[in-house]
$ cat structure-v4.txt   # compact mmCIF, C-alpha atoms
# COMPACT_ATOMS: atom_id res chain seq x y z
CA MET F 289 0.00 0.00 0.00
CA ALA F 290 2.94 2.32 0.53
CA LYS F 291 3.74 4.52 -2.40
CA LYS F 292 6.83 3.76 -4.43
CA VAL F 293 9.26 6.64 -4.03
CA LYS F 294 9.98 7.57 -7.61
CA SER F 295 13.33 9.22 -7.74
CA SER F 296 16.44 9.18 -5.61
CA ASN F 297 17.14 12.71 -6.88
CA LYS F 298 14.62 13.80 -4.29
CA SER F 299 16.89 14.49 -1.34
CA LYS F 300 14.30 14.44 1.37
CA LEU F 301 11.20 12.43 2.00
CA SER F 302 8.12 14.31 3.15
CA ALA F 303 6.21 13.47 6.30
CA LEU F 304 2.90 14.72 7.64
CA VAL F 305 2.38 14.46 11.39
CA VAL F 306 -1.23 14.36 12.56
CA ASP F 307 -1.71 14.74 16.33
CA ASP F 308 -3.99 16.79 18.56
CA ASP F 309 -1.21 17.26 21.12
CA GLY F 310 1.44 19.95 20.59
CA VAL F 311 4.17 18.14 22.50
CA CYS F 312 3.73 15.04 20.34
CA ARG F 313 3.70 17.06 17.12
CA THR F 314 6.93 18.79 18.14
CA VAL F 315 8.68 15.60 19.22
CA HIS F 316 7.55 13.58 16.20
CA CYS F 317 8.69 16.31 13.78
CA ALA F 318 12.07 16.68 15.49
CA PHE F 319 12.87 12.96 15.15
CA LEU F 320 11.69 12.89 11.56
CA ARG F 321 13.70 15.98 10.56
CA ARG F 322 16.81 14.49 12.15
CA HIS F 323 16.37 11.36 10.06
CA GLY F 324 15.97 12.90 6.65
CA PHE F 325 12.37 14.02 6.41
CA GLU F 326 10.83 17.37 5.61
CA THR F 327 7.91 17.70 8.00
CA SER F 328 4.50 19.31 8.13
CA SER F 329 2.00 18.93 10.93
CA VAL F 330 -1.72 19.34 11.53
CA GLU F 331 -3.84 19.07 14.66
CA SER F 332 -6.67 16.84 13.50
CA GLY F 333 -7.81 14.08 11.18
CA ARG F 334 -10.07 16.58 9.47
CA GLN F 335 -7.18 18.98 8.79
CA ALA F 336 -5.13 16.11 7.37
CA VAL F 337 -7.91 15.11 4.99
CA ASP F 338 -8.49 18.73 3.90
CA LEU F 339 -4.77 19.34 3.35
CA ILE F 340 -4.36 16.28 1.19
CA ARG F 341 -7.60 16.90 -0.66
CA SER F 342 -6.21 20.35 -1.52
CA GLY F 343 -3.40 18.63 -3.42
CA GLN F 344 -0.55 18.30 -0.94
CA LYS F 345 1.31 15.01 -1.19
CA PHE F 346 3.41 13.25 1.41
CA ASP F 347 5.58 10.16 1.32
CA ILE F 348 4.42 9.20 4.81
CA ILE F 349 1.69 10.20 7.25
CA PHE F 350 2.13 9.66 10.97
CA MET F 351 -1.36 9.38 12.36
CA ASP F 352 -2.30 9.73 16.02
CA ILE F 353 -5.22 7.42 16.65
CA ILE F 354 -7.32 8.81 19.48
CA MET F 355 -8.36 12.31 18.46
CA PRO F 356 -11.62 14.19 18.91
CA GLU F 357 -14.17 14.42 16.09
CA MET F 358 -12.33 12.40 13.45
CA ASN F 359 -9.99 9.78 14.88
CA GLY F 360 -6.91 8.42 13.12
CA VAL F 361 -8.69 5.31 11.88
CA GLN F 362 -11.53 7.35 10.36
CA ALA F 363 -9.02 9.76 8.80
CA THR F 364 -7.05 6.84 7.36
CA ARG F 365 -10.18 5.30 5.84
CA ALA F 366 -11.08 8.68 4.32
CA LEU F 367 -7.59 9.11 2.85
CA ARG F 368 -7.56 5.61 1.35
CA ALA F 369 -11.02 6.18 -0.07
CA MET F 370 -9.61 9.33 -1.73
CA GLY F 371 -6.96 7.15 -3.37
CA VAL F 372 -4.05 8.21 -1.18
CA LYS F 373 -1.17 5.75 -1.58
CA SER F 374 1.24 7.26 0.96
CA MET F 375 2.56 5.10 3.76
CA ILE F 376 0.29 5.65 6.77
CA VAL F 377 1.68 4.82 10.18
CA GLY F 378 -0.54 4.85 13.27
CA ILE F 379 1.17 5.96 16.49
CA ASP F 380 -0.49 6.25 19.89
CA CYS F 381 -0.54 4.92 23.45
CA ASP F 382 -2.35 1.82 24.65
CA LEU F 383 -2.84 0.27 21.23
CA ASP F 384 -4.18 -2.92 22.84
CA TYR F 385 -7.09 -1.01 24.31
CA ILE F 386 -8.07 0.70 21.08
CA ASN F 387 -10.77 -1.50 19.63
CA GLU F 388 -10.04 -0.93 15.95
CA ASP F 389 -8.65 -2.93 13.05
CA PHE F 390 -5.78 -0.68 12.03
CA MET F 391 -4.64 -2.65 9.02
CA GLN F 392 -8.15 -3.10 7.69
CA ALA F 393 -8.59 0.69 7.89
CA GLY F 394 -5.56 1.11 5.65
CA MET F 395 -2.63 1.68 7.98
CA ASP F 396 0.66 0.12 6.94
CA ARG F 397 2.09 -0.06 10.44
CA VAL F 398 1.26 0.95 13.98
CA TYR F 399 3.63 1.93 16.76
CA GLU F 400 3.18 2.55 20.45
CA LYS F 401 4.27 6.08 21.51
CA PRO F 402 6.85 7.49 22.03
CA MET F 403 8.35 8.28 18.66
CA THR F 404 12.02 7.29 18.62
CA SER F 405 15.02 7.43 16.30
CA GLU F 406 14.52 3.71 15.67
CA ILE F 407 11.03 4.31 14.33
CA ALA F 408 12.12 7.23 12.14
CA ILE F 409 15.03 5.23 10.71
CA SER F 410 12.88 2.16 10.12
CA VAL F 411 10.20 3.99 8.15
CA HIS F 412 12.81 5.97 6.22
CA GLN F 413 14.45 2.71 5.20
CA ALA F 414 11.12 1.15 4.26
CA LEU F 415 10.32 4.09 1.99
CA LEU F 416 13.73 3.91 0.33
CA ASN F 417 13.37 0.14 -0.12
CA ASN F 418 10.16 0.71 -2.06
CA ASN F 419 12.34 2.54 -4.56
CA ILE F 420 14.27 -0.63 -5.40
CA VAL F 421 12.57 -2.35 -8.30
CA MET J 17 32.27 27.54 40.75
CA GLU J 18 34.54 26.51 37.92
CA VAL J 19 33.32 24.84 34.75
CA GLY J 20 34.60 21.34 35.54
CA GLN J 21 32.79 21.30 38.87
CA LEU J 22 29.58 22.59 37.30
CA GLN J 23 29.76 19.93 34.61
CA ARG J 24 30.30 17.17 37.17
CA ARG J 25 27.36 18.44 39.20
CA PHE J 26 25.23 18.48 36.08
CA LEU J 27 26.14 14.90 35.20
CA GLU J 28 25.48 13.69 38.74
CA TYR J 29 22.15 15.46 38.84
CA THR J 30 21.11 14.07 35.47
CA ALA J 31 22.12 10.56 36.52
CA SER J 32 20.07 10.87 39.72
CA LEU J 33 16.95 11.77 37.74
CA PHE J 34 17.35 8.61 35.66
CA ASN J 35 18.11 6.51 38.73
CA GLN J 36 15.00 7.75 40.51
CA GLY J 37 12.91 6.83 37.48
CA LEU J 38 11.82 10.43 36.93
CA LEU J 39 13.24 10.35 33.43
CA ASP J 40 13.72 7.44 31.06
CA ALA J 41 15.63 6.69 27.85
CA GLN J 42 13.27 8.85 25.83
CA PHE J 43 14.71 11.97 27.49
CA GLN J 44 18.16 10.92 26.32
CA GLN J 45 16.79 10.51 22.80
CA LEU J 46 15.62 14.13 22.98
CA GLN J 47 19.04 15.26 24.21
CA GLN J 48 20.58 13.54 21.20
CA LEU J 49 18.31 15.51 18.88
CA GLN J 50 19.77 18.74 20.23
CA ASP J 51 22.62 20.10 18.11
CA GLU J 52 24.00 23.35 16.63
CA SER J 53 21.04 23.65 14.30
CA ASN J 54 18.65 23.04 17.19
CA PRO J 55 20.56 24.24 20.30
CA ASP J 56 17.62 24.84 22.64
CA PHE J 57 15.48 21.92 21.57
CA VAL J 58 15.22 20.19 24.95
CA VAL J 59 14.35 23.34 26.89
CA GLU J 60 11.80 24.31 24.23
CA VAL J 61 10.02 21.00 24.08
CA VAL J 62 10.02 20.62 27.87
CA SER J 63 8.59 24.14 28.23
CA LEU J 64 5.87 23.13 25.80
CA PHE J 65 5.27 20.04 27.94
CA PHE J 66 4.89 22.23 31.04
CA GLU J 67 2.29 24.44 29.32
CA ASP J 68 0.45 21.44 27.89
CA SER J 69 0.46 19.62 31.23
CA GLU J 70 -0.77 22.56 33.26
CA LYS J 71 -3.72 22.92 30.94
CA LEU J 72 -4.46 19.18 31.09
CA LEU J 73 -4.29 19.14 34.89
CA ASN J 74 -6.64 22.11 35.00
CA ASP J 75 -9.08 20.43 32.61
CA LEU J 76 -8.87 17.22 34.64
CA THR J 77 -9.59 19.05 37.88
CA ILE J 78 -12.69 20.62 36.36
CA ALA J 79 -13.87 17.36 34.79
CA ILE J 80 -13.47 15.33 38.01
CA GLY J 81 -15.17 18.07 40.01
CA GLN J 82 -18.40 17.83 38.04
CA GLN J 83 -21.62 16.59 39.68
CA THR J 84 -21.78 13.83 37.14
CA VAL J 85 -18.29 12.89 36.02
CA ASP J 86 -17.86 12.29 32.30
CA PHE J 87 -15.34 9.44 32.51
CA LYS J 88 -14.85 9.33 28.76
CA LYS J 89 -13.70 12.93 28.85
CA VAL J 90 -11.44 12.31 31.84
CA ASP J 91 -9.97 9.26 30.10
CA ALA J 92 -9.32 11.30 26.96
CA TYR J 93 -7.35 13.88 28.94
CA VAL J 94 -5.34 11.18 30.71
CA HIS J 95 -4.67 9.47 27.38
CA GLN J 96 -3.31 12.74 26.01
CA PHE J 97 -1.16 13.21 29.10
CA LYS J 98 0.19 9.71 28.74
CA GLY J 99 1.19 10.48 25.15
CA SER J 100 2.94 13.74 25.93
CA SER J 101 4.73 12.48 29.04
CA SER J 102 5.97 9.36 27.26
CA SER J 103 7.17 11.52 24.36
CA ILE J 104 9.50 13.51 26.56
CA GLY J 105 10.53 10.70 28.88
CA ALA J 106 8.71 11.78 32.06
CA GLN J 107 8.42 8.17 33.21
CA ARG J 108 6.71 8.57 36.56
CA VAL J 109 4.12 10.94 35.14
CA ARG J 110 3.44 8.40 32.40
CA ASN J 111 3.09 5.61 34.97
CA ALA J 112 0.67 7.70 37.03
CA CYS J 113 -1.49 7.96 33.90
CA ILE J 114 -1.63 4.17 33.55
CA ALA J 115 -3.22 3.67 36.96
CA PHE J 116 -5.56 6.58 36.34
CA ARG J 117 -6.94 5.08 33.14
CA SER J 118 -7.93 1.82 34.80
CA PHE J 119 -10.00 3.72 37.39
CA CYS J 120 -11.66 5.72 34.62
CA GLU J 121 -12.69 2.44 33.09
CA GLU J 122 -14.17 1.37 36.44
CA GLN J 123 -15.88 4.77 36.71
CA ASN J 124 -14.53 5.07 40.23
CA THR J 125 -14.67 8.78 41.13
CA GLU J 126 -12.90 8.47 44.49
CA ALA J 127 -10.01 6.54 43.01
CA CYS J 128 -9.80 8.96 40.09
CA MET J 129 -9.53 11.87 42.50
CA ARG J 130 -6.64 10.11 44.24
CA CYS J 131 -5.01 9.44 40.89
CA LEU J 132 -5.31 13.08 39.91
CA LEU J 133 -3.60 14.08 43.12
CA GLN J 134 -0.83 11.57 42.44
CA LEU J 135 -0.49 12.82 38.88
CA LYS J 136 -0.19 16.42 40.09
CA GLN J 137 2.50 15.40 42.56
CA GLU J 138 4.53 13.49 39.99
CA TYR J 139 4.23 16.33 37.50
CA SER J 140 5.26 18.90 40.09
CA LEU J 141 8.27 16.82 41.07
CA VAL J 142 9.57 16.30 37.53
CA LYS J 143 8.94 19.95 36.71
CA ASP J 144 11.02 21.13 39.66
CA LYS J 145 13.82 18.71 38.84
CA LEU J 146 13.92 19.65 35.17
CA GLN J 147 13.97 23.34 36.02
CA ASP J 148 16.92 22.67 38.35
CA LEU J 149 18.62 20.77 35.54
CA PHE J 150 18.14 23.63 33.09
CA ARG J 151 19.50 26.09 35.67
CA LEU J 152 22.63 23.95 36.00
CA GLU J 153 22.98 23.94 32.21
CA GLN J 154 22.63 27.71 32.17
CA GLN J 155 25.40 28.06 34.76
CA ILE J 156 27.73 25.92 32.65
CA VAL J 157 27.03 27.96 29.53
CA GLU J 158 27.53 31.23 31.43
CA ALA J 159 30.85 29.95 32.74
CA GLY J 160 31.88 29.31 29.14
CA GLY J 161 31.62 25.53 29.23
CA ALA J 162 29.86 22.94 27.07
CA ILE J 163 26.99 20.78 28.32
CA PRO J 164 28.34 17.27 28.81
CA MET J 165 26.39 14.24 27.58
CA LEU J 166 25.83 11.40 30.00
CA GLU J 167 27.20 8.19 28.49
CA TYR J 168 25.06 5.11 29.00
$ encode --input "structure-v4.txt" --output "structure tokens"
Amino acid sequence: MAKKVKSSNKSKLSALVVDDDGVCRTVHCAFLRRHGFETSSVESGRQAVDLIRSGQKFDIIFMDIIMPEMNGVQATRALRAMGVKSMIVGIDCDLDYINEDFMQAGMDRVYEKPMTSEIAISVHQALLNNNIV
Amino acid sequence: MEVGQLQRRFLEYTASLFNQGLLDAQFQQLQQLQDESNPDFVVEVVSLFFEDSEKLLNDLTIAIGQQTVDFKKVDAYVHQFKGSSSSIGAQRVRNACIAFRSFCEEQNTEACMRCLLQLKQEYSLVKDKLQDLFRLEQQIVEAGGAIPMLEY
């Protein structure tokens, strides 16, 4: 489901961070920037959908799951229904207690918070690997 | 106090915060993100955490004080707090959130009130310690020294 990264001329991969908490947005973006991503962030599932609907493209979307109004699973479903092929990674606390089928909704991976260098490196590598035919 | 002494004090203080479980490996990860292009990263993100937390604790106090407690709302706040505290490595605050969530599930108001008190205490403690840590850093910088990294 993850998009093939077309050209290795593109020096940086682009990441969108979706999280209703400012600390998480800041921390997630800092790790991603350190590990080769250009980052953007929004505060809600709705803002993510609107941004992408407006034409913005991202190699990867980090999606908080529990959020008010439109949660990460609903936002993921909406994005997949729109034809979005970006890698979508769910990231939140207490994944075991969230009664949702993440993969069925269209997520490629899920991680338990906190965001770490290991996670950023792993997804970066996965995106680059998709470039190898 | 000369730079070497200040640096040793800083390292000892940092180590004590890890030993007491106030901070965990995540905090070190944040320290490693700090560099010349991002020299105040840790102070900035921790300051954001303080603002975020104070608002959450305020919202929690109001929510638990209601005639009829909306446990879903309380749980949502605690969930958010768990996310932010784990993101910066405030381990004991994060652990206080874990207990809290189970009492929200039970809809146990008394226990939730006790958990909120505990959460406030843990937050207050880590806030004081981090502010002390930043003051030590400041002293090193003012004395012309570099902030040492604790090797683990």
$ interface_residues --input "structure-v4.txt" --of "chain F" --to "chain J" --cutoff "12 Å" --atoms "only C-alpha atoms" --output "PDB file with C-alpha atoms, keeping the file's coordinate frame"
ATOM      1  CA  ASP F 307      -1.710  14.740  16.330  1.00  0.00           C
ATOM      2  CA  ASP F 308      -3.990  16.790  18.560  1.00  0.00           C
ATOM      3  CA  ASP F 309      -1.210  17.260  21.120  1.00  0.00           C
ATOM      4  CA  GLY F 310       1.440  19.950  20.590  1.00  0.00           C
ATOM      5  CA  VAL F 311       4.170  18.140  22.500  1.00  0.00           C
ATOM      6  CA  CYS F 312       3.730  15.040  20.340  1.00  0.00           C
ATOM      7  CA  ARG F 313       3.700  17.060  17.120  1.00  0.00           C
ATOM      8  CA  THR F 314       6.930  18.790  18.140  1.00  0.00           C
ATOM      9  CA  VAL F 315       8.680  15.600  19.220  1.00  0.00           C
ATOM     10  CA  HIS F 316       7.550  13.580  16.200  1.00  0.00           C
ATOM     11  CA  CYS F 317       8.690  16.310  13.780  1.00  0.00           C
ATOM     12  CA  ALA F 318      12.070  16.680  15.490  1.00  0.00           C
ATOM     13  CA  PHE F 319      12.870  12.960  15.150  1.00  0.00           C
ATOM     14  CA  LEU F 320      11.690  12.890  11.560  1.00  0.00           C
ATOM     15  CA  ARG F 321      13.700  15.980  10.560  1.00  0.00           C
ATOM     16  CA  ARG F 322      16.810  14.490  12.150  1.00  0.00           C
ATOM     17  CA  HIS F 323      16.370  11.360  10.060  1.00  0.00           C
ATOM     18  CA  ASP F 352      -2.300   9.730  16.020  1.00  0.00           C
ATOM     19  CA  ILE F 353      -5.220   7.420  16.650  1.00  0.00           C
ATOM     20  CA  ILE F 354      -7.320   8.810  19.480  1.00  0.00           C
ATOM     21  CA  MET F 355      -8.360  12.310  18.460  1.00  0.00           C
ATOM     22  CA  PRO F 356     -11.620  14.190  18.910  1.00  0.00           C
ATOM     23  CA  ILE F 379       1.170   5.960  16.490  1.00  0.00           C
ATOM     24  CA  ASP F 380      -0.490   6.250  19.890  1.00  0.00           C
ATOM     25  CA  CYS F 381      -0.540   4.920  23.450  1.00  0.00           C
ATOM     26  CA  ASP F 382      -2.350   1.820  24.650  1.00  0.00           C
ATOM     27  CA  LEU F 383      -2.840   0.270  21.230  1.00  0.00           C
ATOM     28  CA  TYR F 385      -7.090  -1.010  24.310  1.00  0.00           C
ATOM     29  CA  ILE F 386      -8.070   0.700  21.080  1.00  0.00           C
ATOM     30  CA  GLU F 400       3.180   2.550  20.450  1.00  0.00           C
ATOM     31  CA  LYS F 401       4.270   6.080  21.510  1.00  0.00           C
ATOM     32  CA  PRO F 402       6.850   7.490  22.030  1.00  0.00           C
ATOM     33  CA  MET F 403       8.350   8.280  18.660  1.00  0.00           C
ATOM     34  CA  THR F 404      12.020   7.290  18.620  1.00  0.00           C
ATOM     35  CA  SER F 405      15.020   7.430  16.300  1.00  0.00           C
ATOM     36  CA  GLU F 406      14.520   3.710  15.670  1.00  0.00           C
ATOM     37  CA  ILE F 407      11.030   4.310  14.330  1.00  0.00           C
TER      38      ILE F 407
END
$ residues_around --input "structure-v4.txt" --residues "Arg130 (chain J)" --least-positions-apart "4" --cutoff "12 Å" --atoms "all atoms listed in the file" --output "list in words"
Thr77, Ile80, Ala112, Cys113, Ala115, Phe116, Phe119, Cys120, Asn124, Thr125, Glu126, Gln134, Leu135, Lys136 and Gln137 of chain J
$ closest_residue --input "structure-v4.txt" --among "F:Asn418, F:Ser410, F:Ser332, F:Ser299" --to "Gly360 (chain F)" --atoms "only C-alpha atoms"
F:Ser332
$ atom_distance --input "structure-v4.txt" --atom1 "CA of Val361 (chain F)" --atom2 "CA of Val411 (chain F)"
19.3 Å
$ residues_around --input "structure-v4.txt" --residues "Leu146 (chain J)" --least-positions-apart "5" --cutoff "9 Å" --atoms "only C-alpha atoms" --output "number ranges by chain"
J: 33, 62, 141, 151
$ residues_around --input "structure-v4.txt" --residues "Val398 (chain F)" --least-positions-apart "5" --cutoff "8 Å" --atoms "all atoms listed in the file" --output "ChimeraX atom specification"
/F:377-379,390
$ closest_residue --input "structure-v4.txt" --among "J:Arg110, J:Asp144, J:Leu76, J:Ala162" --to "Leu132 (chain J)" --atoms "only C-alpha atoms"
J:Leu76
$ residues_around --input "structure-v4.txt" --residues "region 20-29 of chain J" --least-positions-apart "6" --cutoff "9 Å" --atoms "only C-alpha atoms" --output "list in words"
Lys145, Asp148, Leu149, Leu152, Glu153, Gln155, Ile156, Ala159, Gly161, Ala162, Ile163, Pro164, Met165 and Leu166 of chain J
$ atom_distance --input "structure-v4.txt" --atom1 "CA of Phe346 (chain F)" --atom2 "CA of Met358 (chain F)"
19.8 Å
$ residues_around --input "structure-v4.txt" --residues "Val337 (chain F)" --least-positions-apart "3" --cutoff "10 Å" --atoms "all atoms listed in the file" --output "PyMOL selection string"
chain F and resi 330+332-334+340-342+344+358+363-364+366-367+370
$ write_last_selection --input "structure-v4.txt" --atoms "C-alpha atoms" --output "short mmCIF file (atom, residue, chain, number, x, y, z; two decimals), in the coordinates of the input"
data_model
loop_
_atom_site.label_atom_id
_atom_site.label_comp_id
_atom_site.auth_asym_id
_atom_site.auth_seq_id
_atom_site.Cartn_x
_atom_site.Cartn_y
_atom_site.Cartn_z
CA VAL F 330 -1.72 19.34 11.53
CA SER F 332 -6.67 16.84 13.50
CA GLY F 333 -7.81 14.08 11.18
CA ARG F 334 -10.07 16.58 9.47
CA ILE F 340 -4.36 16.28 1.19
CA ARG F 341 -7.60 16.90 -0.66
CA SER F 342 -6.21 20.35 -1.52
CA GLN F 344 -0.55 18.30 -0.94
CA MET F 358 -12.33 12.40 13.45
CA ALA F 363 -9.02 9.76 8.80
CA THR F 364 -7.05 6.84 7.36
CA ALA F 366 -11.08 8.68 4.32
CA LEU F 367 -7.59 9.11 2.85
CA MET F 370 -9.61 9.33 -1.73
#
$ atom_distance --input "structure-v4.txt" --atom1 "CA of Asp40 (chain J)" --atom2 "CA of His412 (chain F)"
24.9 Å
$ closest_residue --input "structure-v4.txt" --among "J:Gln123, J:Asn111, J:Gln47, J:Asn74" --to "Asp86 (chain J)" --atoms "all atoms listed in the file"
J:Gln123
$ axis_aligned_box --input "structure-v4.txt" --around "region 140-156 of chain J" --padding-each-side "6 Å" --output "AutoDock Vina command-line options"
--center_x 16.5 --center_y 22.2 --center_z 36.6 --size_x 34.5 --size_y 23.8 --size_z 20.9
$ closest_residue --input "structure-v4.txt" --among "J:Arg108, J:Lys143, J:Lys71, J:Arg117" --to "Leu38 (chain J)" --atoms "all atoms listed in the file"
J:Arg108
$ closest_residue --input "structure-v4.txt" --among "J:Pro55, J:Glu18, J:Gln83, J:Asp91" --to "Glu122 (chain J)" --atoms "only C-alpha atoms"
J:Asp91
$ closest_residue --input "structure-v4.txt" --among "J:Met129, J:Leu72, J:Val109, J:Ile78" --to "Tyr93 (chain J)" --atoms "all atoms listed in the file"
J:Leu72
